[in-house]
Every structure is written in C-alpha cells, then in structure tokens.
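The block underneath contains the structure these notes are about, expressed in structure tokens.
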Amino acid sequence: MTTIGVCEDDAQLRSVITRAFKAEDFDVVSVATGAEALRAFVERQPDVIVLDLGLPDVDGRDVCLALKANGVVAPVLMLTARTGVHHKVAGFEAGADDYLGKPFALAELMARVRVLERRAIAMRPTPEGARLDPATHAVVDGEVSVALTPTEFAVLARLMSVPGEVVRRRALVAAGWPDGAIVSDNTLDSYVRRIRNKLSGLPEGGPRVETVHGVGYVWR
C-alpha cells in the first residue's frame with residue numbers, strides 16, 4: 001500500500017485530505033507541524049509527501065530541505081495560499097516536485113499525487129531487478145526492454161509498488177484510469193492479459209502477475 005505523508009496545520013483541511021486519501025486505499029501518516037513531519041517522515045518514510053508551506057512553527061521550504069538532508073527521497077507536493085511566482089520558484093529550489101495553490105479541488109490534489117506516486121514507483125527496483133523506465137515507458141530486466149502503453153505502464157507500476165501484496169481491482173482501475181472513467185472488469189482483465197503477454201518477453205524466472213480470484217492481482 002502506498003503511504004502518503006500529510007503535513008497540514010489546519011485541522012479541518014488535514015482531516016478532509018486524510019479521509020480522501022484513505023478512501024482511495026492509501027495509507028496516511030498525518031501531522032500538523034514541521035517538527036512532527038521531520039520526526040514522522042524520517043522514521044517512516046512515505047512514498048509521497050503533501051507539505052503545507054505556511055506551517056506554524058517553521059517554513060515548509062525549510063522542512064522540505066531538512067527532509068531531503070535526512071535521506072527522505074519521497075517526492076514532495078507543496079500546498080500554499082502564496083501563489084506568486086517567486087514563492088513557487090523558492091519551493092522548487094527547496095526540493096519540491098510540484099506545487100498546488102489553495103483553495104484547490106480534491107480531484108486535482110489526488111491527480112497530482114498519483115503522478116508523483118507513479119514517478120516514485122517507476123524508479124523503485126524489485127528484488128529480481130525488473131524495473132519500470134518512465135522515460136521509455138518500458139519494463140526493463142537486464143538488457144531486455146519491453147515497451148508498454150501508458151495505461152499498461154500505470155497498472156503494472158501499481159502492482160510492482162507492492163510486490164507480494166494483493167492489489168484490489170479498484171486500486172488498479174484508479175491507477176490505470178485516473179480521470180474517473182467507468183472501467184468494466186473485462187477491460188481490466190484484458191489489460192492484465194496484455195501485460196502478461198509482454199512480460200513473457202522478459203528473462204525466464206522473473207516476477208509475474210498472478211490472479212487472486214474475486215480480489216485482484218499480485219506481482220511476485
């Protein structure tokens with residue numbers, strides 16, 4: 001399960017964001033201050049961090065710098081009411097990967113986080129060495145590279161993010177079709193078959209996509 005770190009001092013907004021992520025099957029580590037973020041996100045590193053710029057105890061940009069300095073590699077989405085270009089530039093220079101001004105729609109926040117999630121997942125190798133290359137939209141194992149469509153890439157990335165764990169159909173649909181499209185079970189199954197066919201071109205003995213009947217799929 002992908003873990004989202006949320007650092008937002010507004011209790012009501014923090015609660016809304018946390019509930020929204022949990023409803024999409026994310027695990028959430030939620031804190032209210034920069035000091036709490038440094039403790040919580042270093043101890044248990046999230047996959048993606050949503051970080052408020054205007055925190056009560058410290059500037060969010062300093063928190064971002066400190067997290068990176070302490071070995072946290074998760075991509076960071078900054079939230080802020082300060083929409084000036086110089087604020088955005090300063091945020092990016094501090095290590096932020098994306099920027100979202102307040103007020104914002106939850107759907108846009110979710111979409112931006114999923115982009116960062118895919119980026120983080122794509123660069124994460126599995127124990128057997130297979131990895132996803134976002135530059136070429138391919139799965140790579142050793143010297144072998146197999147091209148994927150954008151939807152195949154997103155579905156496989158979701159599976160590869162949690163090797164050995166079952167990913168439910170709902171989560172795979174959300175990953176592959178993030179704009180809220182209505183996707184039938186047959187459509188998802190068809191894409192998984194296509195992914196399996198392409199994975200057959202990888203070296204023998206590597207991980208594969210297995211079916212867990214009535215639940216979803218697993219990468220192992």
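Starting from 1 in every chain, residues are counted up; chains themselves are A, B, ... following the order of the structure tokens, and ligands are numbered from 1 as listed.
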For this session: Tell me, as an NGL selection string, which residues lie within 8 Å of range 204-218 of chain A, counting only C-alpha atoms; anything in the same chain fewer than 3 positions away does not count.
Result: :A and (128 or 130 or 159 or 163-169 or 192 or 196 or 199-200)
Exercise. If you run DSSP on this backbone, which residues of range 29-77 of chain A come out as strand (DSSP E), and could you give them as a ChimeraX atom specification?
Worked result: /A:29-31,48-52,76-77
C-alpha atoms of the current selection, written as a PDB file, in the first residue's frame:
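Contents of selection25.pdb, freshly written:
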ATOM      1  CA  VAL A  29       0.741   9.482   8.050  1.00  0.00           C
ATOM      2  CA  SER A  30      -0.751  12.815   9.110  1.00  0.00           C
ATOM      3  CA  VAL A  31       0.934  15.567  11.157  1.00  0.00           C
ATOM      4  CA  VAL A  48       4.733  10.801  -1.472  1.00  0.00           C
ATOM      5  CA  ILE A  49       4.603  13.848   0.826  1.00  0.00           C
ATOM      6  CA  VAL A  50       1.959  16.604   0.809  1.00  0.00           C
ATOM      7  CA  LEU A  51       3.516  19.526   2.663  1.00  0.00           C
ATOM      8  CA  ASP A  52       1.933  22.850   3.633  1.00  0.00           C
ATOM      9  CA  VAL A  76       7.004  16.450  -2.323  1.00  0.00           C
ATOM     10  CA  LEU A  77       3.839  18.319  -3.298  1.00  0.00           C
TER      11      LEU A  77
END
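Take the candidates A:Arg44, A:His86, A:Lys22, A:Arg119 and check each one against Gly71 in chain A using only C-alpha atoms; the shortest distance goes to A:Arg44.
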For this session: Within 9 Å of range 193-195 of chain A, counting only C-alpha atoms, which residues show up once you throw out same-chain ones fewer than 5 positions away? Write them as an MDAnalysis selection string, please.
Result: chainID A and resid 148 152:153 155:156 188 200 209
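For the choices A:Asp141, A:Asp25, A:Asp47, A:Glu36, the atom-to-atom distance to Val63 in chain A is smallest for A:Glu36 when using only C-alpha atoms.
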Exercise. Which distance in Å separates CA of Arg170 in chain A and CA of Met110 in chain A, to one decimal?
Worked result: 15.1 Å
For this session: Skip range 13-19 of chain A itself and residues of its chain fewer than 4 positions away, then list as number ranges by chain all residues within 12 Å of it, counting only C-alpha atoms.
Result: A: 3-9, 23-33, 50-52, 79, 102-110, 113
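Proximity ranking of A:Trp177, A:Phe41, A:Phe92, A:Tyr99 relative to Asn70 in chain A places A:Phe41 first, based on only C-alpha atoms.
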For this session: Step one, run DSSP on the backbone; step two, keep only residues of range 14-219 of chain A assigned to helix (DSSP H, G or I); then write them as an NGL selection string.
Result: :A and (14-23 or 34-43 or 60-69 or 85-93 or 106-122 or 150-160 or 169-176 or 185-199)
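Using only C-alpha atoms, the protein and nucleic acid residues lying no more than 10 Å from Ala66 in chain A, apart from those fewer than 6 places from it along its own chain, are A:Gly34, A:Leu38, A:Val42, A:Gly60, A:Val72, A:Ala94, A:Gly95.
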May I have the residues from that selection written out with C-alpha atoms, as a PDB file, in the first residue's frame?
ATOM      1  CA  GLY A  34       7.155  20.873  10.685  1.00  0.00           C
ATOM      2  CA  LEU A  38      10.646  15.675  10.469  1.00  0.00           C
ATOM      3  CA  VAL A  42      12.198  10.281   8.659  1.00  0.00           C
ATOM      4  CA  GLY A  60       7.581  24.434   4.769  1.00  0.00           C
ATOM      5  CA  VAL A  72      13.926  11.207   2.646  1.00  0.00           C
ATOM      6  CA  ALA A  94      13.944  23.756  -1.750  1.00  0.00           C
ATOM      7  CA  GLY A  95      13.294  20.362  -3.322  1.00  0.00           C
TER       8      GLY A  95
END
For this session: Excluding Ala120 in chain A and residues on its chain fewer than 2 positions from it, collect all residues at most 10 Å away from it, counting only C-alpha atoms, and give them as a list in words.
Result: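 Selected residues are Asp47, Val48, Val73, Ala74, Pro75, Arg114, Val115, Leu116, Glu117, Arg118, Ala122, Met123, Arg124, Pro134, Ala157 and Ser161 of chain A.
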File of the preceding selection, C-alpha atoms, as an mmCIF file, in the first residue's frame:
data_model
loop_
_atom_site.group_PDB
_atom_site.id
_atom_site.type_symbol
_atom_site.label_atom_id
_atom_site.label_comp_id
_atom_site.auth_asym_id
_atom_site.auth_seq_id
_atom_site.Cartn_x
_atom_site.Cartn_y
_atom_site.Cartn_z
ATOM 1 C CA ASP A 47 6.100 7.288 -0.795
ATOM 2 C CA VAL A 48 4.733 10.801 -1.472
ATOM 3 C CA VAL A 73 13.630 10.666 -1.105
ATOM 4 C CA ALA A 74 9.826 10.836 -1.477
ATOM 5 C CA PRO A 75 8.566 13.403 -3.997
ATOM 6 C CA ARG A 114 -0.886 9.941 -8.329
ATOM 7 C CA VAL A 115 1.534 11.431 -10.860
ATOM 8 C CA LEU A 116 4.165 11.696 -8.126
ATOM 9 C CA GLU A 117 3.294 8.186 -6.931
ATOM 10 C CA ARG A 118 3.870 6.768 -10.412
ATOM 11 C CA ALA A 122 8.728 3.714 -11.612
ATOM 12 C CA MET A 123 12.197 4.281 -10.198
ATOM 13 C CA ARG A 124 11.862 1.631 -7.482
ATOM 14 C CA PRO A 134 9.369 6.238 -17.175
ATOM 15 C CA ALA A 157 3.540 0.268 -11.725
ATOM 16 C CA SER A 161 4.919 -0.923 -5.978
#
Exercise. CA of Thr136 in chain A and CA of Phe21 in chain A, how far apart in Å?
Worked result: 29.1 Å
